[in-house]
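Have a look at the structure below before the remarks.
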Amino acid sequence: MNVFTSAELASRTKAVYEAVRRDGCAFVANDGKVDCMMVDLSMFDTMNEAIRSYDQWVAQRELELMWKRNVASGVTLEDIDAEIAVVRSERRGTRA
C-alpha cells in the first residue's frame, strides 16, 4: 500500500504518479490521516465507465453501512412485517 503525504504529492508528483500506475492506487495523507485515494483509470475504456464503477463502489459501501446499522438497531424482520401490516391497514381504512 502506497501512502504519500500531501507534501510528497506536491514535491514528488511524478514519483507518486508512477506508483499509482505501477500498483493501481495510492493514498494521500495529511496530518497522519488518509484524505484521498488516487486510482489508475487506465483499466477503464471510458471516463463514464470509471465514474459508474466509483458510483457502484460508493453504493456498495452505503449498503454495507445500512446493514450494520440495522443489525445494531435490533430490529427484526417480524418488526418490519408488523409495521408494514399496520401501514397497509391504515391505507385501507381498517385496523389490524
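Every chain in the C-alpha cells has a letter given in the order shown (A, B, ...), and although residue numbers restart at 1 in each chain, ligands are simply numbered from 1 in the order shown.
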Among chain A, which ones does DSSP assign to helix (DSSP H, G or I) (computed from the backbone)? Answer as a compact mmCIF listing (two decimals) with N, CA and C atoms, in the first residue's frame.
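The new file result-v8.txt reads:
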```txt
# COMPACT_ATOMS: atom_id res chain seq x y z
N SER A 6 0.75 14.83 1.74
CA SER A 6 0.37 15.86 0.77
C SER A 6 1.60 16.64 0.30
N ALA A 7 2.58 16.79 1.18
CA ALA A 7 3.81 17.48 0.79
C ALA A 7 4.58 16.67 -0.26
N GLU A 8 4.61 15.33 -0.09
CA GLU A 8 5.27 14.48 -1.09
C GLU A 8 4.54 14.57 -2.43
N LEU A 9 3.22 14.61 -2.38
CA LEU A 9 2.45 14.73 -3.62
C LEU A 9 2.83 16.01 -4.35
N ALA A 10 3.00 17.09 -3.60
CA ALA A 10 3.36 18.36 -4.22
C ALA A 10 4.80 18.37 -4.74
N SER A 11 5.72 17.77 -3.98
CA SER A 11 7.13 17.86 -4.36
C SER A 11 7.60 16.70 -5.24
N THR A 13 5.50 14.72 -7.47
CA THR A 13 4.30 14.36 -8.23
C THR A 13 4.56 13.22 -9.20
N LYS A 14 5.66 13.27 -9.90
CA LYS A 14 5.96 12.23 -10.89
C LYS A 14 6.13 10.87 -10.22
N ALA A 15 6.83 10.81 -9.09
CA ALA A 15 7.03 9.55 -8.38
C ALA A 15 5.71 8.99 -7.87
N VAL A 16 4.84 9.86 -7.38
CA VAL A 16 3.52 9.42 -6.91
C VAL A 16 2.72 8.88 -8.08
N TYR A 17 2.73 9.60 -9.19
CA TYR A 17 2.03 9.15 -10.39
C TYR A 17 2.53 7.79 -10.85
N GLU A 18 3.83 7.60 -10.84
CA GLU A 18 4.40 6.31 -11.25
C GLU A 18 3.98 5.19 -10.31
N ALA A 19 3.89 5.48 -9.03
CA ALA A 19 3.45 4.48 -8.05
C ALA A 19 2.00 4.09 -8.29
N VAL A 20 1.17 5.07 -8.61
CA VAL A 20 -0.24 4.80 -8.91
C VAL A 20 -0.34 3.93 -10.15
N ARG A 21 0.38 4.26 -11.19
CA ARG A 21 0.36 3.47 -12.43
C ARG A 21 0.86 2.05 -12.20
N ARG A 22 1.89 1.91 -11.39
CA ARG A 22 2.50 0.61 -11.14
C ARG A 22 1.60 -0.28 -10.27
N ASP A 23 1.07 0.29 -9.19
CA ASP A 23 0.34 -0.51 -8.19
C ASP A 23 -1.18 -0.38 -8.28
N MET A 47 -14.22 7.37 -19.45
CA MET A 47 -14.37 8.05 -18.18
C MET A 47 -15.71 7.71 -17.55
N ASN A 48 -16.76 7.58 -18.38
CA ASN A 48 -18.08 7.23 -17.85
C ASN A 48 -18.05 5.86 -17.17
N GLU A 49 -17.30 4.93 -17.73
CA GLU A 49 -17.17 3.60 -17.11
C GLU A 49 -16.50 3.72 -15.74
N ALA A 50 -15.49 4.55 -15.64
CA ALA A 50 -14.80 4.76 -14.36
C ALA A 50 -15.74 5.40 -13.35
N ILE A 51 -16.52 6.37 -13.79
CA ILE A 51 -17.46 7.04 -12.89
C ILE A 51 -18.53 6.07 -12.42
N ARG A 52 -19.05 5.23 -13.31
CA ARG A 52 -20.05 4.22 -12.91
C ARG A 52 -19.46 3.25 -11.89
N SER A 53 -18.21 2.87 -12.09
CA SER A 53 -17.55 1.96 -11.16
C SER A 53 -17.42 2.61 -9.78
N TYR A 54 -17.04 3.87 -9.75
CA TYR A 54 -16.94 4.60 -8.48
C TYR A 54 -18.31 4.70 -7.82
N ASP A 55 -19.33 5.05 -8.58
CA ASP A 55 -20.68 5.15 -8.03
C ASP A 55 -21.14 3.82 -7.45
N GLN A 56 -20.81 2.73 -8.13
CA GLN A 56 -21.18 1.41 -7.63
C GLN A 56 -20.44 1.10 -6.33
N TRP A 57 -19.18 1.47 -6.25
CA TRP A 57 -18.39 1.26 -5.05
C TRP A 57 -18.99 2.04 -3.87
N VAL A 58 -19.37 3.29 -4.11
CA VAL A 58 -19.97 4.11 -3.05
C VAL A 58 -21.31 3.51 -2.61
N ALA A 59 -22.12 3.07 -3.57
CA ALA A 59 -23.41 2.47 -3.24
C ALA A 59 -23.24 1.20 -2.42
N GLN A 60 -22.25 0.38 -2.78
CA GLN A 60 -21.99 -0.85 -2.03
C GLN A 60 -21.58 -0.52 -0.60
N ARG A 61 -20.75 0.48 -0.44
CA ARG A 61 -20.31 0.91 0.90
C ARG A 61 -21.49 1.39 1.73
N GLU A 62 -22.36 2.18 1.13
CA GLU A 62 -23.55 2.68 1.84
C GLU A 62 -24.46 1.52 2.24
N LEU A 63 -24.62 0.54 1.36
CA LEU A 63 -25.43 -0.63 1.66
C LEU A 63 -24.86 -1.39 2.85
N GLU A 64 -23.55 -1.57 2.87
CA GLU A 64 -22.91 -2.25 3.99
C GLU A 64 -23.13 -1.49 5.30
N LEU A 65 -23.03 -0.17 5.25
CA LEU A 65 -23.28 0.64 6.45
C LEU A 65 -24.72 0.51 6.91
N MET A 66 -25.67 0.47 5.97
CA MET A 66 -27.08 0.29 6.35
C MET A 66 -27.29 -1.05 7.02
N TRP A 67 -26.67 -2.10 6.47
CA TRP A 67 -26.79 -3.43 7.07
C TRP A 67 -26.26 -3.42 8.50
N LYS A 68 -25.10 -2.80 8.71
CA LYS A 68 -24.52 -2.73 10.05
C LYS A 68 -25.41 -1.96 11.01
N ARG A 69 -25.98 -0.84 10.56
CA ARG A 69 -26.89 -0.07 11.42
C ARG A 69 -28.13 -0.88 11.75
N ASN A 70 -28.64 -1.63 10.78
CA ASN A 70 -29.82 -2.45 11.00
C ASN A 70 -29.54 -3.53 12.04
N VAL A 71 -28.40 -4.19 11.94
CA VAL A 71 -28.04 -5.23 12.90
C VAL A 71 -27.90 -4.62 14.29
N ALA A 72 -27.27 -3.45 14.36
CA ALA A 72 -27.06 -2.80 15.65
C ALA A 72 -28.37 -2.32 16.27
N SER A 73 -29.37 -2.02 15.44
CA SER A 73 -30.63 -1.49 15.97
C SER A 73 -31.48 -2.56 16.63
N LEU A 77 -37.04 -8.89 11.31
CA LEU A 77 -37.94 -8.95 10.16
C LEU A 77 -39.40 -8.97 10.60
N GLU A 78 -39.67 -9.59 11.74
CA GLU A 78 -41.04 -9.61 12.27
C GLU A 78 -41.50 -8.19 12.61
N ASP A 79 -40.61 -7.38 13.18
CA ASP A 79 -40.95 -5.98 13.48
C ASP A 79 -41.27 -5.21 12.20
N ILE A 80 -40.48 -5.43 11.18
CA ILE A 80 -40.69 -4.75 9.91
C ILE A 80 -42.01 -5.19 9.29
N ASP A 81 -42.27 -6.51 9.30
CA ASP A 81 -43.53 -7.03 8.75
C ASP A 81 -44.74 -6.46 9.49
N ALA A 82 -44.63 -6.36 10.82
CA ALA A 82 -45.73 -5.80 11.61
C ALA A 82 -45.97 -4.33 11.26
N GLU A 83 -44.91 -3.58 11.07
CA GLU A 83 -45.03 -2.16 10.70
C GLU A 83 -45.69 -2.02 9.33
N ILE A 84 -45.27 -2.86 8.39
CA ILE A 84 -45.87 -2.83 7.05
C ILE A 84 -47.36 -3.15 7.13
N ALA A 85 -47.72 -4.15 7.93
CA ALA A 85 -49.13 -4.54 8.08
C ALA A 85 -49.96 -3.38 8.65
N VAL A 86 -49.41 -2.66 9.61
CA VAL A 86 -50.12 -1.52 10.20
C VAL A 86 -50.35 -0.43 9.15
N VAL A 87 -49.34 -0.11 8.40
CA VAL A 87 -49.47 0.95 7.37
C VAL A 87 -50.46 0.53 6.30
N ARG A 88 -50.39 -0.71 5.87
CA ARG A 88 -51.33 -1.18 4.85
C ARG A 88 -52.76 -1.14 5.35
N SER A 89 -52.97 -1.52 6.59
CA SER A 89 -54.35 -1.49 7.12
C SER A 89 -54.84 -0.06 7.27
N GLU A 90 -53.95 0.86 7.64
CA GLU A 90 -54.33 2.27 7.74
C GLU A 90 -54.71 2.83 6.37
N ARG A 91 -53.99 2.42 5.35
CA ARG A 91 -54.30 2.89 3.99
C ARG A 91 -55.65 2.36 3.51
N ARG A 92 -55.98 1.15 3.93
CA ARG A 92 -57.28 0.57 3.56
C ARG A 92 -58.41 1.09 4.43
```
* To do: Could you please determine the separation between CA of Arg12 (chain A) and CA of Thr46 (chain A) in Å, to one decimal place?
  => 27.6 Å
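Per DSSP on the backbone, strand (DSSP E or B) in region 7-70 of chain A comprises A:Cys25, A:Ala26, A:Phe27, A:Val28, A:Ala29, A:Asn30, A:Lys33, A:Val34, A:Asp35, A:Cys36, A:Met37, A:Met38, A:Val39.
Coordinates place CA of Val3 (chain A) at a distance of 9.5 Å from CA of Cys25 (chain A).
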* Asked: Rounded to one decimal in Å, what is the spacing between CA of Phe4 (chain A) and CA of Phe44 (chain A)?
  ->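 So the two atoms, CA of Phe4 (chain A) and CA of Phe44 (chain A), lie 24.3 Å apart.
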